[in-house]
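Data file: my_file-v8.txt. Format and content: compact mmCIF, N, CA and C atoms.
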```txt
# COMPACT_ATOMS: atom_id res chain seq x y z
N MET A 1 75.93 93.86 105.76
CA MET A 1 77.25 93.90 105.16
C MET A 1 77.29 92.95 103.97
N ALA A 2 77.96 93.34 102.93
CA ALA A 2 78.06 92.53 101.71
C ALA A 2 78.91 91.30 101.96
N SER A 3 78.60 90.25 101.24
CA SER A 3 79.44 89.06 101.34
C SER A 3 80.76 89.34 100.63
N MET A 4 81.73 88.48 100.88
CA MET A 4 83.06 88.65 100.28
C MET A 4 82.97 88.72 98.76
N SER A 5 82.11 87.91 98.15
CA SER A 5 82.03 87.90 96.70
C SER A 5 81.38 89.16 96.15
N GLU A 6 80.61 89.87 96.97
CA GLU A 6 79.94 91.07 96.52
C GLU A 6 80.77 92.33 96.74
N GLU A 7 81.80 92.24 97.55
CA GLU A 7 82.60 93.42 97.86
C GLU A 7 83.38 93.87 96.64
N ARG A 8 83.53 95.17 96.55
CA ARG A 8 84.31 95.74 95.45
C ARG A 8 85.67 96.14 95.98
N TRP A 9 86.69 95.50 95.47
CA TRP A 9 88.04 95.81 95.93
C TRP A 9 88.53 97.09 95.27
N PHE A 10 88.01 97.40 94.07
CA PHE A 10 88.52 98.53 93.30
C PHE A 10 87.50 98.85 92.22
N ASP A 11 87.19 100.12 92.03
CA ASP A 11 86.25 100.55 91.00
C ASP A 11 87.02 101.40 90.00
N ALA A 12 87.43 100.79 88.90
CA ALA A 12 88.27 101.48 87.91
C ALA A 12 87.58 102.71 87.32
N THR A 13 86.29 102.65 87.12
CA THR A 13 85.57 103.78 86.56
C THR A 13 85.59 104.97 87.51
N ARG A 14 85.32 104.69 88.77
CA ARG A 14 85.34 105.76 89.79
C ARG A 14 86.74 106.33 89.96
N ALA A 15 87.73 105.46 89.97
CA ALA A 15 89.12 105.91 90.14
C ALA A 15 89.55 106.76 88.94
N LEU A 16 89.18 106.34 87.76
CA LEU A 16 89.53 107.10 86.56
C LEU A 16 88.85 108.48 86.59
N ALA A 17 87.63 108.53 87.03
CA ALA A 17 86.92 109.82 87.14
C ALA A 17 87.63 110.72 88.15
N ALA A 18 88.11 110.14 89.26
CA ALA A 18 88.83 110.93 90.26
C ALA A 18 90.13 111.49 89.71
N ALA A 19 90.68 110.82 88.70
CA ALA A 19 91.92 111.26 88.06
C ALA A 19 91.64 112.12 86.83
N GLY A 20 90.43 112.63 86.73
CA GLY A 20 90.08 113.50 85.61
C GLY A 20 90.03 112.79 84.27
N GLY A 21 89.84 111.47 84.31
CA GLY A 21 89.76 110.71 83.07
C GLY A 21 91.10 110.39 82.44
N ASP A 22 92.17 110.72 83.12
CA ASP A 22 93.52 110.52 82.59
C ASP A 22 94.14 109.26 83.19
N ARG A 23 94.32 108.24 82.36
CA ARG A 23 94.87 106.97 82.86
C ARG A 23 96.30 107.12 83.40
N ALA A 24 97.09 107.97 82.79
CA ALA A 24 98.46 108.17 83.26
C ALA A 24 98.46 108.77 84.67
N ILE A 25 97.58 109.72 84.90
CA ILE A 25 97.49 110.32 86.24
C ILE A 25 97.00 109.29 87.24
N LEU A 26 96.00 108.49 86.84
CA LEU A 26 95.51 107.44 87.73
C LEU A 26 96.64 106.50 88.12
N CYS A 27 97.46 106.12 87.16
CA CYS A 27 98.57 105.22 87.46
C CYS A 27 99.60 105.88 88.37
N GLU A 28 99.84 107.16 88.18
CA GLU A 28 100.75 107.88 89.07
C GLU A 28 100.21 107.90 90.50
N ILE A 29 98.91 108.18 90.63
CA ILE A 29 98.29 108.20 91.95
C ILE A 29 98.37 106.81 92.58
N ALA A 30 98.10 105.79 91.79
CA ALA A 30 98.17 104.40 92.28
C ALA A 30 99.58 104.06 92.74
N GLU A 31 100.59 104.45 91.96
CA GLU A 31 101.97 104.17 92.35
C GLU A 31 102.35 104.89 93.64
N LEU A 32 101.93 106.13 93.78
CA LEU A 32 102.20 106.87 95.02
C LEU A 32 101.54 106.18 96.21
N PHE A 33 100.31 105.76 96.02
CA PHE A 33 99.59 105.05 97.09
C PHE A 33 100.32 103.76 97.44
N LEU A 34 100.67 102.97 96.43
CA LEU A 34 101.36 101.70 96.67
C LEU A 34 102.68 101.91 97.39
N ASP A 35 103.41 102.94 97.01
CA ASP A 35 104.69 103.23 97.67
C ASP A 35 104.51 103.59 99.14
N ASP A 36 103.35 104.18 99.47
CA ASP A 36 103.09 104.65 100.83
C ASP A 36 102.44 103.59 101.73
N VAL A 37 101.97 102.51 101.17
CA VAL A 37 101.29 101.47 101.95
C VAL A 37 102.14 100.94 103.10
N PRO A 38 103.40 100.58 102.89
CA PRO A 38 104.18 100.05 104.02
C PRO A 38 104.30 101.04 105.19
N ARG A 39 104.47 102.33 104.89
CA ARG A 39 104.55 103.33 105.95
C ARG A 39 103.24 103.41 106.72
N ARG A 40 102.14 103.42 105.99
CA ARG A 40 100.83 103.54 106.62
C ARG A 40 100.53 102.33 107.51
N ILE A 41 100.79 101.15 107.00
CA ILE A 41 100.53 99.94 107.79
C ILE A 41 101.46 99.89 109.00
N GLY A 42 102.70 100.26 108.80
CA GLY A 42 103.64 100.30 109.93
C GLY A 42 103.18 101.26 111.01
N ALA A 43 102.72 102.43 110.61
CA ALA A 43 102.24 103.43 111.57
C ALA A 43 101.00 102.91 112.30
N LEU A 44 100.11 102.25 111.58
CA LEU A 44 98.92 101.69 112.23
C LEU A 44 99.30 100.60 113.23
N HIS A 45 100.24 99.74 112.87
CA HIS A 45 100.68 98.69 113.79
C HIS A 45 101.34 99.29 115.03
N GLU A 46 102.13 100.31 114.83
CA GLU A 46 102.77 100.98 115.97
C GLU A 46 101.71 101.61 116.89
N ALA A 47 100.73 102.26 116.29
CA ALA A 47 99.66 102.87 117.09
C ALA A 47 98.86 101.80 117.83
N LEU A 48 98.60 100.68 117.19
CA LEU A 48 97.90 99.58 117.85
C LEU A 48 98.73 99.02 119.01
N ALA A 49 100.01 98.86 118.78
CA ALA A 49 100.88 98.30 119.82
C ALA A 49 100.94 99.19 121.05
N THR A 50 100.84 100.48 120.86
CA THR A 50 100.91 101.42 121.98
C THR A 50 99.52 101.89 122.43
N ASN A 51 98.49 101.33 121.80
CA ASN A 51 97.10 101.70 122.10
C ASN A 51 96.87 103.21 121.98
N ASP A 52 97.49 103.79 120.96
CA ASP A 52 97.33 105.22 120.68
C ASP A 52 96.07 105.40 119.84
N LEU A 53 94.96 105.52 120.52
CA LEU A 53 93.66 105.56 119.85
C LEU A 53 93.50 106.76 118.93
N ALA A 54 94.05 107.90 119.32
CA ALA A 54 93.96 109.10 118.47
C ALA A 54 94.72 108.87 117.17
N ALA A 55 95.88 108.26 117.25
CA ALA A 55 96.66 107.99 116.03
C ALA A 55 95.96 106.96 115.16
N ILE A 56 95.39 105.93 115.78
CA ILE A 56 94.67 104.91 115.02
C ILE A 56 93.53 105.56 114.25
N ALA A 57 92.76 106.39 114.93
CA ALA A 57 91.62 107.06 114.28
C ALA A 57 92.09 107.94 113.13
N SER A 58 93.14 108.69 113.36
CA SER A 58 93.66 109.59 112.33
C SER A 58 94.20 108.83 111.13
N LEU A 59 94.98 107.81 111.39
CA LEU A 59 95.56 107.01 110.31
C LEU A 59 94.49 106.27 109.52
N ALA A 60 93.51 105.72 110.22
CA ALA A 60 92.42 105.02 109.54
C ALA A 60 91.61 105.99 108.69
N HIS A 61 91.38 107.19 109.21
CA HIS A 61 90.64 108.22 108.47
C HIS A 61 91.38 108.57 107.17
N SER A 62 92.68 108.77 107.27
CA SER A 62 93.50 109.10 106.11
C SER A 62 93.48 107.98 105.08
N LEU A 63 93.62 106.76 105.54
CA LEU A 63 93.61 105.61 104.63
C LEU A 63 92.24 105.46 103.98
N ARG A 64 91.20 105.76 104.73
CA ARG A 64 89.83 105.70 104.18
C ARG A 64 89.67 106.70 103.04
N GLY A 65 90.20 107.89 103.20
CA GLY A 65 90.13 108.89 102.13
C GLY A 65 90.83 108.43 100.87
N SER A 66 91.98 107.82 101.04
CA SER A 66 92.71 107.30 99.87
C SER A 66 91.94 106.17 99.22
N ALA A 67 91.38 105.29 100.02
CA ALA A 67 90.61 104.16 99.48
C ALA A 67 89.41 104.65 98.68
N ALA A 68 88.80 105.73 99.14
CA ALA A 68 87.63 106.27 98.45
C ALA A 68 87.98 106.75 97.04
N ILE A 69 89.17 107.29 96.87
CA ILE A 69 89.61 107.74 95.55
C ILE A 69 89.56 106.59 94.55
N PHE A 70 89.91 105.40 95.02
CA PHE A 70 89.95 104.23 94.15
C PHE A 70 88.63 103.46 94.11
N GLY A 71 87.63 103.96 94.81
CA GLY A 71 86.36 103.25 94.85
C GLY A 71 86.49 101.90 95.52
N ALA A 72 87.40 101.81 96.48
CA ALA A 72 87.67 100.55 97.19
C ALA A 72 86.73 100.44 98.39
N GLU A 73 85.49 100.05 98.11
CA GLU A 73 84.44 100.08 99.14
C GLU A 73 84.74 99.20 100.34
N ALA A 74 85.30 98.03 100.12
CA ALA A 74 85.61 97.15 101.25
C ALA A 74 86.63 97.81 102.19
N LEU A 75 87.63 98.45 101.61
CA LEU A 75 88.63 99.13 102.43
C LEU A 75 88.04 100.38 103.08
N VAL A 76 87.19 101.09 102.38
CA VAL A 76 86.52 102.25 102.97
C VAL A 76 85.75 101.81 104.21
N GLN A 77 84.99 100.75 104.09
CA GLN A 77 84.17 100.29 105.22
C GLN A 77 85.02 99.76 106.37
N SER A 78 86.07 99.02 106.05
CA SER A 78 86.89 98.46 107.14
C SER A 78 87.69 99.55 107.85
N THR A 79 88.16 100.55 107.12
CA THR A 79 88.88 101.64 107.79
C THR A 79 87.92 102.52 108.59
N LEU A 80 86.70 102.67 108.10
CA LEU A 80 85.70 103.42 108.86
C LEU A 80 85.44 102.72 110.19
N ARG A 81 85.29 101.42 110.16
CA ARG A 81 85.08 100.66 111.41
C ARG A 81 86.25 100.85 112.36
N LEU A 82 87.46 100.73 111.84
CA LEU A 82 88.64 100.90 112.68
C LEU A 82 88.68 102.31 113.29
N GLU A 83 88.40 103.30 112.47
CA GLU A 83 88.38 104.68 112.94
C GLU A 83 87.34 104.88 114.04
N LEU A 84 86.13 104.39 113.81
CA LEU A 84 85.06 104.57 114.80
C LEU A 84 85.36 103.84 116.10
N LEU A 85 85.89 102.65 116.01
CA LEU A 85 86.26 101.92 117.23
C LEU A 85 87.28 102.72 118.05
N ALA A 86 88.26 103.27 117.36
CA ALA A 86 89.28 104.05 118.07
C ALA A 86 88.67 105.31 118.68
N ARG A 87 87.82 106.00 117.93
CA ARG A 87 87.18 107.21 118.45
C ARG A 87 86.28 106.90 119.65
N GLU A 88 85.65 105.72 119.63
CA GLU A 88 84.78 105.29 120.72
C GLU A 88 85.58 104.69 121.88
N ARG A 89 86.91 104.64 121.72
CA ARG A 89 87.82 104.12 122.74
C ARG A 89 87.54 102.65 123.07
N ARG A 90 87.22 101.88 122.02
CA ARG A 90 86.93 100.46 122.17
C ARG A 90 88.14 99.67 121.67
N SER A 91 89.05 99.37 122.55
CA SER A 91 90.32 98.73 122.18
C SER A 91 90.19 97.25 121.86
N GLU A 92 89.30 96.56 122.53
CA GLU A 92 89.23 95.10 122.38
C GLU A 92 89.01 94.65 120.95
N PRO A 93 88.08 95.26 120.19
CA PRO A 93 87.87 94.79 118.81
C PRO A 93 88.87 95.34 117.79
N LEU A 94 89.81 96.16 118.21
CA LEU A 94 90.74 96.77 117.26
C LEU A 94 91.58 95.76 116.48
N PRO A 95 92.14 94.73 117.11
CA PRO A 95 92.95 93.79 116.32
C PRO A 95 92.16 93.11 115.20
N SER A 96 90.93 92.74 115.48
CA SER A 96 90.08 92.12 114.45
C SER A 96 89.77 93.12 113.35
N ALA A 97 89.47 94.34 113.72
CA ALA A 97 89.18 95.38 112.73
C ALA A 97 90.42 95.66 111.88
N MET A 98 91.58 95.65 112.50
CA MET A 98 92.82 95.89 111.77
C MET A 98 93.09 94.75 110.79
N ALA A 99 92.79 93.53 111.19
CA ALA A 99 92.96 92.39 110.29
C ALA A 99 92.10 92.55 109.05
N ARG A 100 90.90 93.06 109.22
CA ARG A 100 90.00 93.29 108.09
C ARG A 100 90.55 94.40 107.19
N VAL A 101 91.11 95.44 107.79
CA VAL A 101 91.73 96.52 107.01
C VAL A 101 92.87 95.94 106.18
N GLU A 102 93.71 95.14 106.80
CA GLU A 102 94.85 94.58 106.09
C GLU A 102 94.41 93.65 104.95
N PHE A 103 93.36 92.88 105.19
CA PHE A 103 92.85 92.00 104.14
C PHE A 103 92.35 92.82 102.95
N SER A 104 91.51 93.81 103.23
CA SER A 104 90.95 94.66 102.16
C SER A 104 92.05 95.44 101.46
N LEU A 105 93.00 95.94 102.23
CA LEU A 105 94.12 96.68 101.65
C LEU A 105 94.94 95.78 100.74
N GLY A 106 95.15 94.55 101.16
CA GLY A 106 95.89 93.60 100.33
C GLY A 106 95.22 93.38 98.99
N LYS A 107 93.89 93.27 99.00
CA LYS A 107 93.14 93.10 97.75
C LYS A 107 93.29 94.34 96.86
N LEU A 108 93.24 95.53 97.47
CA LEU A 108 93.41 96.76 96.69
C LEU A 108 94.82 96.86 96.13
N VAL A 109 95.81 96.48 96.90
CA VAL A 109 97.19 96.52 96.43
C VAL A 109 97.36 95.64 95.19
N VAL A 110 96.79 94.45 95.24
CA VAL A 110 96.86 93.56 94.07
C VAL A 110 96.18 94.20 92.86
N ALA A 111 95.00 94.76 93.08
CA ALA A 111 94.25 95.38 91.97
C ALA A 111 95.01 96.56 91.38
N LEU A 112 95.57 97.41 92.24
CA LEU A 112 96.30 98.58 91.75
C LEU A 112 97.61 98.19 91.09
N THR A 113 98.26 97.19 91.61
CA THR A 113 99.50 96.70 91.00
C THR A 113 99.21 96.20 89.59
N ASP A 114 98.11 95.45 89.44
CA ASP A 114 97.71 94.97 88.12
C ASP A 114 97.38 96.14 87.19
N LEU A 115 96.68 97.13 87.70
CA LEU A 115 96.32 98.30 86.90
C LEU A 115 97.57 99.00 86.37
N VAL A 116 98.52 99.24 87.24
CA VAL A 116 99.76 99.93 86.84
C VAL A 116 100.52 99.07 85.83
N LYS A 117 100.60 97.78 86.08
CA LYS A 117 101.31 96.87 85.17
C LYS A 117 100.67 96.89 83.78
N GLN A 118 99.35 96.80 83.74
CA GLN A 118 98.64 96.80 82.45
C GLN A 118 98.84 98.13 81.73
N PHE A 119 98.80 99.23 82.45
CA PHE A 119 99.00 100.54 81.84
C PHE A 119 100.40 100.65 81.24
N LYS A 120 101.40 100.22 82.00
CA LYS A 120 102.78 100.30 81.51
C LYS A 120 102.99 99.41 80.29
N GLN A 121 102.39 98.23 80.30
CA GLN A 121 102.51 97.34 79.14
C GLN A 121 101.85 97.95 77.91
N ALA A 122 100.71 98.58 78.11
CA ALA A 122 99.98 99.20 76.99
C ALA A 122 100.74 100.39 76.42
N THR A 123 101.43 101.14 77.26
CA THR A 123 102.14 102.32 76.79
C THR A 123 103.49 101.95 76.17
N GLU A 124 103.99 100.77 76.44
CA GLU A 124 105.27 100.34 75.88
C GLU A 124 105.09 99.82 74.45
N ARG A 125 103.89 99.56 74.04
CA ARG A 125 103.62 98.98 72.71
C ARG A 125 103.71 100.03 71.65
```
Show the structure stored in the file as structure tokens.
Amino acid sequence: MASMSEERWFDATRALAAAGGDRAILCEIAELFLDDVPRRIGALHEALATNDLAAIASLAHSLRGSAAIFGAEALVQSTLRLELLARERRSEPLPSAMARVEFSLGKLVVALTDLVKQFKQATER
């Protein structure tokens, strides 16, 4: 596993390619993702609280797909771990895995927020 300093929170080149090279579309996708983060995290916490392993796996899988669009490797890996633990019905390590998801997601949120802010500032000029 990569050290914290080697992890990529966000790959702008990969994300831009996923948006067809259009920065405005990338920013729209980023804003939609950012708006949906509280719902996703809330649903994951609810599933963890009720030990709903199927929901945890499904939610982690969905979040992993979104993270991949942004080239957010740390989040992709942490959500994959969470998903696999849930599918393997291993409840004990789930809280630690969820903490890692939240940490990686927080880093991506900061990166995407900065991206959107920079784009809006550039288009206002």
Handout entry: Residue contacts of stretch 89-105 of chain A (6.5 Å, all atoms listed in the file) excluding same-chain residues fewer than 5 positions away, as a PyMOL selection string
Key = chain A and resi 74-75+78-79+81-82+84+110
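Around A:Leu80, within 7 Å and counting only C-alpha atoms, the residues found are A:Ala60, A:His61, A:Arg64, once anything fewer than 5 positions away on its own chain is removed.
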Fill in the blank from the handout: A straight line from atom CA of A:Gln121 to atom CA of A:Val76 spans 29.1 Å
Exercise for the section: Have a look at A:Glu73, A:Asp22, A:Glu88, A:Asp114 and name the one nearest to A:Phe10; count only C-alpha atoms. Expected result: A:Glu73
Exercise for the section: Would you please give, as a PyMOL selection string, all residues of chain A that DSSP assigns to alpha helix (DSSP H) based on the backbone? Expected result: chain A and resi 12-18+23-49+53-69+73-87+94-124
Problem - Pick from A:Arg39, A:Arg87, A:His45, A:Arg23, whichever lies nearest to A:Ser58 using all atoms listed in the file - result: A:Arg87
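Between atom CA of A:Ala111 and atom CA of A:Ala49 the separation is 28.8 Å.
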Practice task
Pick out the residues sitting within 10 Å of A:Ala55, and hand them over as a PyMOL selection string; count only C-alpha atoms, and ignore anything fewer than 4 positions along from it in its own chain.
Solution key: chain A and resi 43-44+46-48+50-51+59-61+83+86-87
Requested write-out: N, CA and C atoms of the selected residues, as a compact mmCIF listing (two decimals), keeping the file's coordinate frame:
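Result saved to result39.txt:
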```
# COMPACT_ATOMS: atom_id res chain seq x y z
N ALA A 43 102.72 102.43 110.61
CA ALA A 43 102.24 103.43 111.57
C ALA A 43 101.00 102.91 112.30
N LEU A 44 100.11 102.25 111.58
CA LEU A 44 98.92 101.69 112.23
C LEU A 44 99.30 100.60 113.23
N GLU A 46 102.13 100.31 114.83
CA GLU A 46 102.77 100.98 115.97
C GLU A 46 101.71 101.61 116.89
N ALA A 47 100.73 102.26 116.29
CA ALA A 47 99.66 102.87 117.09
C ALA A 47 98.86 101.80 117.83
N LEU A 48 98.60 100.68 117.19
CA LEU A 48 97.90 99.58 117.85
C LEU A 48 98.73 99.02 119.01
N THR A 50 100.84 100.48 120.86
CA THR A 50 100.91 101.42 121.98
C THR A 50 99.52 101.89 122.43
N ASN A 51 98.49 101.33 121.80
CA ASN A 51 97.10 101.70 122.10
C ASN A 51 96.87 103.21 121.98
N LEU A 59 94.98 107.81 111.39
CA LEU A 59 95.56 107.01 110.31
C LEU A 59 94.49 106.27 109.52
N ALA A 60 93.51 105.72 110.22
CA ALA A 60 92.42 105.02 109.54
C ALA A 60 91.61 105.99 108.69
N HIS A 61 91.38 107.19 109.21
CA HIS A 61 90.64 108.22 108.47
C HIS A 61 91.38 108.57 107.17
N GLU A 83 88.40 103.30 112.47
CA GLU A 83 88.38 104.68 112.94
C GLU A 83 87.34 104.88 114.04
N ALA A 86 88.26 103.27 117.36
CA ALA A 86 89.28 104.05 118.07
C ALA A 86 88.67 105.31 118.68
N ARG A 87 87.82 106.00 117.93
CA ARG A 87 87.18 107.21 118.45
C ARG A 87 86.28 106.90 119.65
```
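Closest approach to A:Leu16 among A:Asp36, A:Thr113, A:Arg125, A:Phe70 is made by A:Phe70 (distances from only C-alpha atoms).
Using only N, CA and C atoms, the shortest contact distance between A:Glu28 and any of A:Val116, A:Gln77, A:Glu124, A:Gly42 is found at A:Val116.
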Handout entry: Interatomic distance (Å, one decimal) between atom N of A:Ala57 and atom C of A:Ala30
Key = 23.3 Å
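Proximity ranking of A:Leu63, A:Ile56, A:Ile69, A:Leu32 relative to A:Gly20 places A:Ile69 first, based on only C-alpha atoms.
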Starting from the structure just given, write a file holding stretch 24-50 of chain A with N, CA and C atoms, as a PDB file, in the first residue's frame.
```pdb
ATOM      1  N   ALA A  24     -15.917  22.613 -18.098  1.00  0.00           N
ATOM      2  CA  ALA A  24     -17.229  22.984 -17.553  1.00  0.00           C
ATOM      3  C   ALA A  24     -18.014  21.733 -17.151  1.00  0.00           C
ATOM      4  N   ILE A  25     -17.945  20.709 -17.979  1.00  0.00           N
ATOM      5  CA  ILE A  25     -18.638  19.458 -17.650  1.00  0.00           C
ATOM      6  C   ILE A  25     -18.002  18.819 -16.423  1.00  0.00           C
ATOM      7  N   LEU A  26     -16.669  18.828 -16.363  1.00  0.00           N
ATOM      8  CA  LEU A  26     -15.989  18.285 -15.193  1.00  0.00           C
ATOM      9  C   LEU A  26     -16.446  18.993 -13.925  1.00  0.00           C
ATOM     10  N   CYS A  27     -16.556  20.303 -13.980  1.00  0.00           N
ATOM     11  CA  CYS A  27     -16.995  21.056 -12.803  1.00  0.00           C
ATOM     12  C   CYS A  27     -18.440  20.736 -12.445  1.00  0.00           C
ATOM     13  N   GLU A  28     -19.279  20.543 -13.443  1.00  0.00           N
ATOM     14  CA  GLU A  28     -20.668  20.153 -13.168  1.00  0.00           C
ATOM     15  C   GLU A  28     -20.719  18.786 -12.490  1.00  0.00           C
ATOM     16  N   ILE A  29     -19.929  17.848 -12.999  1.00  0.00           N
ATOM     17  CA  ILE A  29     -19.880  16.512 -12.394  1.00  0.00           C
ATOM     18  C   ILE A  29     -19.365  16.607 -10.960  1.00  0.00           C
ATOM     19  N   ALA A  30     -18.332  17.410 -10.761  1.00  0.00           N
ATOM     20  CA  ALA A  30     -17.767  17.595  -9.419  1.00  0.00           C
ATOM     21  C   ALA A  30     -18.803  18.197  -8.472  1.00  0.00           C
ATOM     22  N   GLU A  31     -19.546  19.201  -8.935  1.00  0.00           N
ATOM     23  CA  GLU A  31     -20.566  19.816  -8.084  1.00  0.00           C
ATOM     24  C   GLU A  31     -21.672  18.819  -7.730  1.00  0.00           C
ATOM     25  N   LEU A  32     -22.090  18.018  -8.694  1.00  0.00           N
ATOM     26  CA  LEU A  32     -23.106  16.999  -8.415  1.00  0.00           C
ATOM     27  C   LEU A  32     -22.598  16.005  -7.378  1.00  0.00           C
ATOM     28  N   PHE A  33     -21.359  15.586  -7.543  1.00  0.00           N
ATOM     29  CA  PHE A  33     -20.751  14.654  -6.589  1.00  0.00           C
ATOM     30  C   PHE A  33     -20.697  15.286  -5.201  1.00  0.00           C
ATOM     31  N   LEU A  34     -20.204  16.522  -5.121  1.00  0.00           N
ATOM     32  CA  LEU A  34     -20.091  17.200  -3.834  1.00  0.00           C
ATOM     33  C   LEU A  34     -21.448  17.363  -3.162  1.00  0.00           C
ATOM     34  N   ASP A  35     -22.466  17.680  -3.947  1.00  0.00           N
ATOM     35  CA  ASP A  35     -23.816  17.825  -3.384  1.00  0.00           C
ATOM     36  C   ASP A  35     -24.346  16.510  -2.825  1.00  0.00           C
ATOM     37  N   ASP A  36     -23.894  15.388  -3.396  1.00  0.00           N
ATOM     38  CA  ASP A  36     -24.393  14.070  -3.007  1.00  0.00           C
ATOM     39  C   ASP A  36     -23.594  13.428  -1.868  1.00  0.00           C
ATOM     40  N   VAL A  37     -22.446  13.972  -1.540  1.00  0.00           N
ATOM     41  CA  VAL A  37     -21.592  13.381  -0.504  1.00  0.00           C
ATOM     42  C   VAL A  37     -22.317  13.223   0.836  1.00  0.00           C
ATOM     43  N   PRO A  38     -23.010  14.236   1.344  1.00  0.00           N
ATOM     44  CA  PRO A  38     -23.670  14.052   2.648  1.00  0.00           C
ATOM     45  C   PRO A  38     -24.685  12.899   2.649  1.00  0.00           C
ATOM     46  N   ARG A  39     -25.442  12.739   1.562  1.00  0.00           N
ATOM     47  CA  ARG A  39     -26.404  11.647   1.488  1.00  0.00           C
ATOM     48  C   ARG A  39     -25.689  10.302   1.501  1.00  0.00           C
ATOM     49  N   ARG A  40     -24.625  10.203   0.729  1.00  0.00           N
ATOM     50  CA  ARG A  40     -23.887   8.939   0.644  1.00  0.00           C
ATOM     51  C   ARG A  40     -23.270   8.560   1.988  1.00  0.00           C
ATOM     52  N   ILE A  41     -22.648   9.516   2.633  1.00  0.00           N
ATOM     53  CA  ILE A  41     -22.018   9.235   3.931  1.00  0.00           C
ATOM     54  C   ILE A  41     -23.082   8.901   4.968  1.00  0.00           C
ATOM     55  N   GLY A  42     -24.180   9.625   4.933  1.00  0.00           N
ATOM     56  CA  GLY A  42     -25.277   9.324   5.860  1.00  0.00           C
ATOM     57  C   GLY A  42     -25.812   7.916   5.667  1.00  0.00           C
ATOM     58  N   ALA A  43     -25.986   7.518   4.416  1.00  0.00           N
ATOM     59  CA  ALA A  43     -26.483   6.170   4.120  1.00  0.00           C
ATOM     60  C   ALA A  43     -25.483   5.113   4.575  1.00  0.00           C
ATOM     61  N   LEU A  44     -24.195   5.372   4.374  1.00  0.00           N
ATOM     62  CA  LEU A  44     -23.184   4.421   4.833  1.00  0.00           C
ATOM     63  C   LEU A  44     -23.185   4.307   6.356  1.00  0.00           C
ATOM     64  N   HIS A  45     -23.302   5.425   7.051  1.00  0.00           N
ATOM     65  CA  HIS A  45     -23.344   5.389   8.517  1.00  0.00           C
ATOM     66  C   HIS A  45     -24.580   4.635   9.006  1.00  0.00           C
ATOM     67  N   GLU A  46     -25.694   4.864   8.361  1.00  0.00           N
ATOM     68  CA  GLU A  46     -26.918   4.150   8.740  1.00  0.00           C
ATOM     69  C   GLU A  46     -26.751   2.639   8.517  1.00  0.00           C
ATOM     70  N   ALA A  47     -26.180   2.272   7.384  1.00  0.00           N
ATOM     71  CA  ALA A  47     -25.962   0.851   7.100  1.00  0.00           C
ATOM     72  C   ALA A  47     -24.985   0.244   8.099  1.00  0.00           C
ATOM     73  N   LEU A  48     -23.954   0.981   8.477  1.00  0.00           N
ATOM     74  CA  LEU A  48     -23.015   0.486   9.481  1.00  0.00           C
ATOM     75  C   LEU A  48     -23.698   0.326  10.841  1.00  0.00           C
ATOM     76  N   ALA A  49     -24.521   1.288  11.194  1.00  0.00           N
ATOM     77  CA  ALA A  49     -25.205   1.236  12.490  1.00  0.00           C
ATOM     78  C   ALA A  49     -26.141   0.040  12.596  1.00  0.00           C
ATOM     79  N   THR A  50     -26.723  -0.352  11.483  1.00  0.00           N
ATOM     80  CA  THR A  50     -27.660  -1.476  11.489  1.00  0.00           C
ATOM     81  C   THR A  50     -27.012  -2.775  11.003  1.00  0.00           C
TER      82      THR A  50
END
```
